[in-house]
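Asker: This structure is in structure tokens; I'll ask about it shortly.
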Amino acid sequence: MTDFIPAIIVHGGAGPIRDDSLPARLDGCKAAALAGWSILQAGGAALDAVEAAVVVLEDNPLFNAGTGSTLNSLGKVEMDAAIMESDALRAGAVAAVSGIKNPIMLARRVMEDGHHVMLACEGALLFARQIGFPECTPESLIVEREKKRWENTHGTVGCVAVDANGKLAVATSTGGIFNKLPGRVGDSPLLGCGTYANSFGAVSCTGHGEAIMRILMARDTVQLLQNGIEPGEAARMALENLAELTDSTGGLILIDRYGKIGYARNTTHMPVCIVSDSAKFTLDS
Ligand code: GLY
């Protein structure tokens, strides 16, 4: 069945961004969206597309995920990631993990393994070793920018997509928030908080995890879609809720079951790139 028009949207994190780094961040989002789009266009699965897009962002040191992740209070990298697809609500997540170049790929392996939904810290590394997943030195993920702390990153990267079979998927990955305590886990790997997908929609959030997780922002936004709210309006309402209930800021991207895209932010910036059937891309920041 190929009644659905594929679409993909990528975000590079909501927050204050220095204007001189915006063009490069938009380029990074575009490269990620096109990596996912090439999979969708070839008839591939939304799940593979969101994973591929987030890998591109994790490998780009400009973004706070994978290489380039922000540092915790001990000067170390600890990353969170989650992946989920609408079909059968399959999901996998890793939390507070280090020594892994692409946490989103490890999250996918947790999902495929099927025993658990989330693995954290040393347990996630043990699992990686058991399945022969490649490790890297934790130091190789640290970039000069973070060492010098010239930019207090608290971004996240994320992608949602719908494929030609109408399946929805989401992937979110982050280094978390700057100077966090070791072991701190944010909203990104928590299903329903920073990441969620079911047959009504897929959502990836960015912003202050401690606020997002208390309002179950991703699941609540999908509920708005289930209630018949249009994606753009649902995104706006979710942020209104975030601001009202927690006095916090952030952003989110989403796709509904019809392939309609929505996104919103209440921060100064959130680079996004959208690619849909026309193969035209839309950039916004
Ligand atoms: N939203 C990313 C985090 O707070 O970890």
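Here's how to read the names in the structure tokens: chain A, B, ... by the order shown, residue numbers from 1 in each chain, ligand numbers from 1 in the order shown.
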Would you mind listing what lies within 10 Å of range 259-261 of chain A as a PyMOL selection string, with only C-alpha atoms counted and same-chain residues fewer than 4 positions away left out?

Answerer: chain A and resi 4-9+160-164+166-168+200-202+230-232+235+253-255+274+276

Asker: As a tab-separated table (two decimals) with N, CA and C atoms, in the first residue's frame, which residues of range 33-268 of chain A does DSSP assign to strand (DSSP E or B)?

Answerer:
```tsv
chain	number	residue	atom	x	y	z
A	79	MET	N	24.78	10.91	27.54
A	79	MET	CA	23.78	11.20	26.50
A	79	MET	C	22.50	10.36	26.68
A	80	ASP	N	21.41	10.92	26.19
A	80	ASP	CA	20.10	10.24	26.19
A	80	ASP	C	19.60	10.15	24.76
A	81	ALA	N	18.88	9.08	24.45
A	81	ALA	CA	18.27	8.98	23.11
A	81	ALA	C	17.11	8.00	23.15
A	82	ALA	N	16.13	8.24	22.27
A	82	ALA	CA	15.00	7.31	22.16
A	82	ALA	C	14.50	7.27	20.73
A	83	ILE	N	13.97	6.11	20.38
A	83	ILE	CA	13.38	5.93	19.05
A	83	ILE	C	12.06	5.18	19.22
A	84	MET	N	11.05	5.53	18.42
A	84	MET	CA	9.75	4.88	18.59
A	84	MET	C	9.01	4.91	17.26
A	85	GLU	N	8.26	3.83	17.00
A	85	GLU	CA	7.44	3.82	15.78
A	85	GLU	C	5.99	3.57	16.16
A	91	ALA	N	9.52	0.61	20.84
A	91	ALA	CA	10.37	1.71	21.25
A	91	ALA	C	11.65	1.20	21.90
A	92	GLY	N	12.69	2.01	21.86
A	92	GLY	CA	13.95	1.71	22.56
A	92	GLY	C	14.59	3.01	22.99
A	93	ALA	N	15.28	2.97	24.13
A	93	ALA	CA	15.90	4.20	24.64
A	93	ALA	C	17.16	3.87	25.43
A	94	VAL	N	18.08	4.82	25.44
A	94	VAL	CA	19.25	4.73	26.32
A	94	VAL	C	19.35	6.03	27.10
A	95	ALA	N	19.86	5.94	28.33
A	95	ALA	CA	19.93	7.13	29.17
A	95	ALA	C	21.28	7.21	29.87
A	96	ALA	N	21.79	8.43	29.99
A	96	ALA	CA	23.05	8.70	30.70
A	96	ALA	C	24.17	7.77	30.23
A	97	VAL	N	24.27	7.62	28.92
A	97	VAL	CA	25.25	6.70	28.35
A	97	VAL	C	26.45	7.48	27.81
A	118	MET	N	14.20	0.64	27.95
A	118	MET	CA	15.26	1.61	28.22
A	118	MET	C	16.39	0.98	29.03
A	119	LEU	N	17.62	1.29	28.63
A	119	LEU	CA	18.79	0.87	29.40
A	119	LEU	C	19.60	2.11	29.74
A	120	ALA	N	20.16	2.15	30.96
A	120	ALA	CA	20.86	3.35	31.41
A	120	ALA	C	22.30	3.04	31.80
A	157	VAL	N	18.46	17.13	19.49
A	157	VAL	CA	18.10	16.99	18.09
A	157	VAL	C	16.97	15.97	17.98
A	158	GLY	N	16.19	16.11	16.93
A	158	GLY	CA	15.07	15.18	16.79
A	158	GLY	C	14.57	15.14	15.36
A	159	CYS	N	13.82	14.09	15.07
A	159	CYS	CA	13.27	13.91	13.73
A	159	CYS	C	11.98	13.12	13.84
A	160	VAL	N	10.97	13.51	13.08
A	160	VAL	CA	9.77	12.69	12.93
A	160	VAL	C	9.52	12.51	11.44
A	161	ALA	N	8.95	11.37	11.09
A	161	ALA	CA	8.72	11.08	9.67
A	161	ALA	C	7.52	10.18	9.51
A	162	VAL	N	6.92	10.26	8.31
A	162	VAL	CA	5.88	9.31	7.91
A	162	VAL	C	6.33	8.71	6.59
A	168	LEU	N	4.44	6.02	11.17
A	168	LEU	CA	5.08	7.19	11.75
A	168	LEU	C	6.23	6.74	12.65
A	169	ALA	N	7.26	7.57	12.73
A	169	ALA	CA	8.36	7.26	13.65
A	169	ALA	C	8.99	8.54	14.15
A	170	VAL	N	9.64	8.42	15.31
A	170	VAL	CA	10.31	9.57	15.92
A	170	VAL	C	11.65	9.11	16.49
A	171	ALA	N	12.64	9.99	16.44
A	171	ALA	CA	13.93	9.75	17.11
A	171	ALA	C	14.38	11.06	17.73
A	172	THR	N	14.87	10.97	18.97
A	172	THR	CA	15.36	12.16	19.69
A	172	THR	C	16.68	11.80	20.36
A	173	SER	N	17.64	12.72	20.34
A	173	SER	CA	18.95	12.43	20.93
A	173	SER	C	19.50	13.72	21.53
A	174	THR	N	20.20	13.60	22.66
A	174	THR	CA	20.70	14.81	23.32
A	174	THR	C	21.86	14.53	24.26
A	191	LEU	N	9.60	8.00	27.15
A	191	LEU	CA	8.47	7.95	26.21
A	191	LEU	C	7.31	8.73	26.77
A	195	THR	N	9.64	12.25	23.65
A	195	THR	CA	9.55	11.41	22.45
A	195	THR	C	8.28	10.57	22.51
A	196	TYR	N	7.49	10.56	21.44
A	196	TYR	CA	6.34	9.66	21.42
A	196	TYR	C	5.81	9.48	20.00
A	197	ALA	N	5.34	8.28	19.72
A	197	ALA	CA	4.66	8.02	18.44
A	197	ALA	C	3.58	6.98	18.64
A	198	ASN	N	2.41	7.23	18.11
A	198	ASN	CA	1.39	6.18	17.99
A	198	ASN	C	0.72	6.37	16.63
A	201	GLY	N	0.03	10.16	15.68
A	201	GLY	CA	1.06	11.16	15.45
A	201	GLY	C	2.39	10.80	16.07
A	202	ALA	N	3.43	11.54	15.68
A	202	ALA	CA	4.77	11.35	16.24
A	202	ALA	C	5.31	12.72	16.62
A	203	VAL	N	5.95	12.80	17.80
A	203	VAL	CA	6.38	14.10	18.35
A	203	VAL	C	7.79	13.99	18.93
A	204	SER	N	8.62	14.98	18.65
A	204	SER	CA	9.93	15.11	19.30
A	204	SER	C	10.03	16.49	19.92
A	205	CYS	N	10.37	16.54	21.20
A	205	CYS	CA	10.42	17.82	21.93
A	205	CYS	C	11.86	18.24	22.20
A	206	THR	N	12.04	19.51	22.45
A	206	THR	CA	13.33	20.07	22.86
A	206	THR	C	13.08	21.19	23.86
A	207	GLY	N	14.01	21.35	24.78
A	207	GLY	CA	13.83	22.37	25.81
A	207	GLY	C	14.30	21.82	27.14
A	250	GLY	N	10.75	25.95	25.19
A	250	GLY	CA	11.19	24.81	24.40
A	250	GLY	C	10.61	24.86	23.00
A	251	GLY	N	10.57	23.72	22.39
A	251	GLY	CA	10.02	23.61	21.04
A	251	GLY	C	9.66	22.16	20.76
A	252	LEU	N	8.97	21.95	19.65
A	252	LEU	CA	8.61	20.58	19.28
A	252	LEU	C	8.30	20.50	17.79
A	253	ILE	N	8.47	19.30	17.25
A	253	ILE	CA	8.10	19.02	15.86
A	253	ILE	C	7.16	17.82	15.87
A	254	LEU	N	6.24	17.77	14.91
A	254	LEU	CA	5.31	16.64	14.88
A	254	LEU	C	4.76	16.40	13.48
A	255	ILE	N	4.29	15.18	13.30
A	255	ILE	CA	3.57	14.79	12.08
A	255	ILE	C	2.34	14.01	12.51
A	256	ASP	N	1.20	14.31	11.89
A	256	ASP	CA	0.00	13.56	12.25
A	256	ASP	C	-0.20	12.37	11.31
A	261	ILE	N	2.45	18.27	8.87
A	261	ILE	CA	3.56	18.62	9.76
A	261	ILE	C	3.21	19.84	10.60
A	262	GLY	N	3.68	19.86	11.84
A	262	GLY	CA	3.56	21.06	12.68
A	262	GLY	C	4.83	21.25	13.46
A	263	TYR	N	5.13	22.46	13.82
A	263	TYR	CA	6.24	22.73	14.73
A	263	TYR	C	6.03	24.09	15.37
A	264	ALA	N	6.64	24.29	16.53
A	264	ALA	CA	6.54	25.58	17.21
A	264	ALA	C	7.68	25.69	18.22
A	265	ARG	N	7.97	26.89	18.60
A	265	ARG	CA	8.96	27.14	19.66
A	265	ARG	C	8.54	28.38	20.41
```

Asker: Report as a VMD selection string which protein, DNA and RNA residues come within 6 Å of ligand 1, using only C-alpha atoms and all ligand atoms.

Answerer: chain A and resid 156 174 176 to 177 186 to 188 206 to 209

Asker: I'd like to know which of A:Arg109, A:Arg184, A:Arg236, A:Lys76 is closest to Glu139 in chain A, using only C-alpha atoms.

Answerer: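 Between A:Arg109, A:Arg184, A:Arg236, A:Lys76, the residue approaching Glu139 in chain A most closely is A:Lys76.
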
Asker: Could you jot down the CA of Thr249 in chain A to CA of Pro182 in chain A separation for me, Å, one decimal place?

Answerer: 23.2 Å

Asker: Could you tell me how far CA of Glu144 in chain A lies from CA of Cys121 in chain A, in Å and to one decimal?

Answerer: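 Going from CA of Glu144 in chain A over to CA of Cys121 in chain A covers 24.2 Å.
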
Asker: For a quick check of understanding, using only C-alpha atoms, which of A:His11, A:Gly68, A:Ser248, A:Gly75 has the smallest distance to Val54 in chain A?

Answerer: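 So, comparing all the options, the nearest one is A:His11.
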
Asker: Using DSSP assignments from the backbone, pull out every residue in range 28-91 of chain A that falls under helix (DSSP H, G or I) and give it to me as a ChimeraX atom specification.

Answerer: /A:28-41,46-59,87-89

Asker: Those selected residues, please, written with C-alpha atoms and delivered as a PDB file, in the first residue's frame.

Answerer:
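Output (part-v9.pdb):
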```pdb
ATOM      1  CA  GLY A  28      23.173  20.560   9.382  1.00  0.00           C
ATOM      2  CA  CYS A  29      19.407  20.164   9.707  1.00  0.00           C
ATOM      3  CA  LYS A  30      19.071  20.106   5.932  1.00  0.00           C
ATOM      4  CA  ALA A  31      21.749  17.409   5.572  1.00  0.00           C
ATOM      5  CA  ALA A  32      19.973  15.330   8.213  1.00  0.00           C
ATOM      6  CA  ALA A  33      16.523  15.768   6.670  1.00  0.00           C
ATOM      7  CA  LEU A  34      17.854  14.849   3.225  1.00  0.00           C
ATOM      8  CA  ALA A  35      19.523  11.703   4.629  1.00  0.00           C
ATOM      9  CA  GLY A  36      16.155  10.628   6.016  1.00  0.00           C
ATOM     10  CA  TRP A  37      14.315  11.761   2.911  1.00  0.00           C
ATOM     11  CA  SER A  38      16.467   9.634   0.590  1.00  0.00           C
ATOM     12  CA  ILE A  39      15.302   6.568   2.562  1.00  0.00           C
ATOM     13  CA  LEU A  40      11.635   7.601   2.430  1.00  0.00           C
ATOM     14  CA  GLN A  41      11.833   8.416  -1.257  1.00  0.00           C
ATOM     15  CA  ALA A  46      10.010   6.014   8.631  1.00  0.00           C
ATOM     16  CA  LEU A  47      11.917   4.260  11.420  1.00  0.00           C
ATOM     17  CA  ASP A  48      15.048   3.961   9.270  1.00  0.00           C
ATOM     18  CA  ALA A  49      14.635   7.545   8.073  1.00  0.00           C
ATOM     19  CA  VAL A  50      14.459   9.107  11.548  1.00  0.00           C
ATOM     20  CA  GLU A  51      17.423   7.045  12.724  1.00  0.00           C
ATOM     21  CA  ALA A  52      19.528   8.061   9.716  1.00  0.00           C
ATOM     22  CA  ALA A  53      18.628  11.734  10.146  1.00  0.00           C
ATOM     23  CA  VAL A  54      19.523  11.761  13.829  1.00  0.00           C
ATOM     24  CA  VAL A  55      22.835   9.972  13.171  1.00  0.00           C
ATOM     25  CA  VAL A  56      23.779  12.870  10.851  1.00  0.00           C
ATOM     26  CA  LEU A  57      22.976  15.355  13.627  1.00  0.00           C
ATOM     27  CA  GLU A  58      24.815  13.299  16.273  1.00  0.00           C
ATOM     28  CA  ASP A  59      27.900  13.283  14.050  1.00  0.00           C
ATOM     29  CA  ASP A  87       3.265   0.409  14.533  1.00  0.00           C
ATOM     30  CA  ALA A  88       2.836  -1.811  17.618  1.00  0.00           C
ATOM     31  CA  LEU A  89       4.260   1.051  19.711  1.00  0.00           C
TER      32      LEU A  89
END
```

Asker: For Asn64 in chain A, which residue among A:Met237, A:Leu106, A:Leu224, A:Ala14 is the nearest when counting only C-alpha atoms?

Answerer: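 Among the listed residues, the smallest separation from Asn64 in chain A belongs to A:Ala14.
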
Asker: Calculate how many Å separate CA of Ser140 in chain A from CA of Arg18 in chain A, rounding to one decimal.

Answerer: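 Taking CA of Ser140 in chain A as the start and CA of Arg18 in chain A as the end point, the length is 24.5 Å.
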
Asker: Here is a test: counting only C-alpha atoms, which residue of A:Thr246, A:Lys101, A:Thr267, A:Ser21 is nearest to Arg214 in chain A?

Answerer: A:Thr246

Asker: A:Val185, A:Phe127, A:Val77, A:His115: which is nearest Ile142 in chain A, counting only C-alpha atoms?

Answerer: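 Between A:Val185, A:Phe127, A:Val77, A:His115, the residue approaching Ile142 in chain A most closely is A:Val77.
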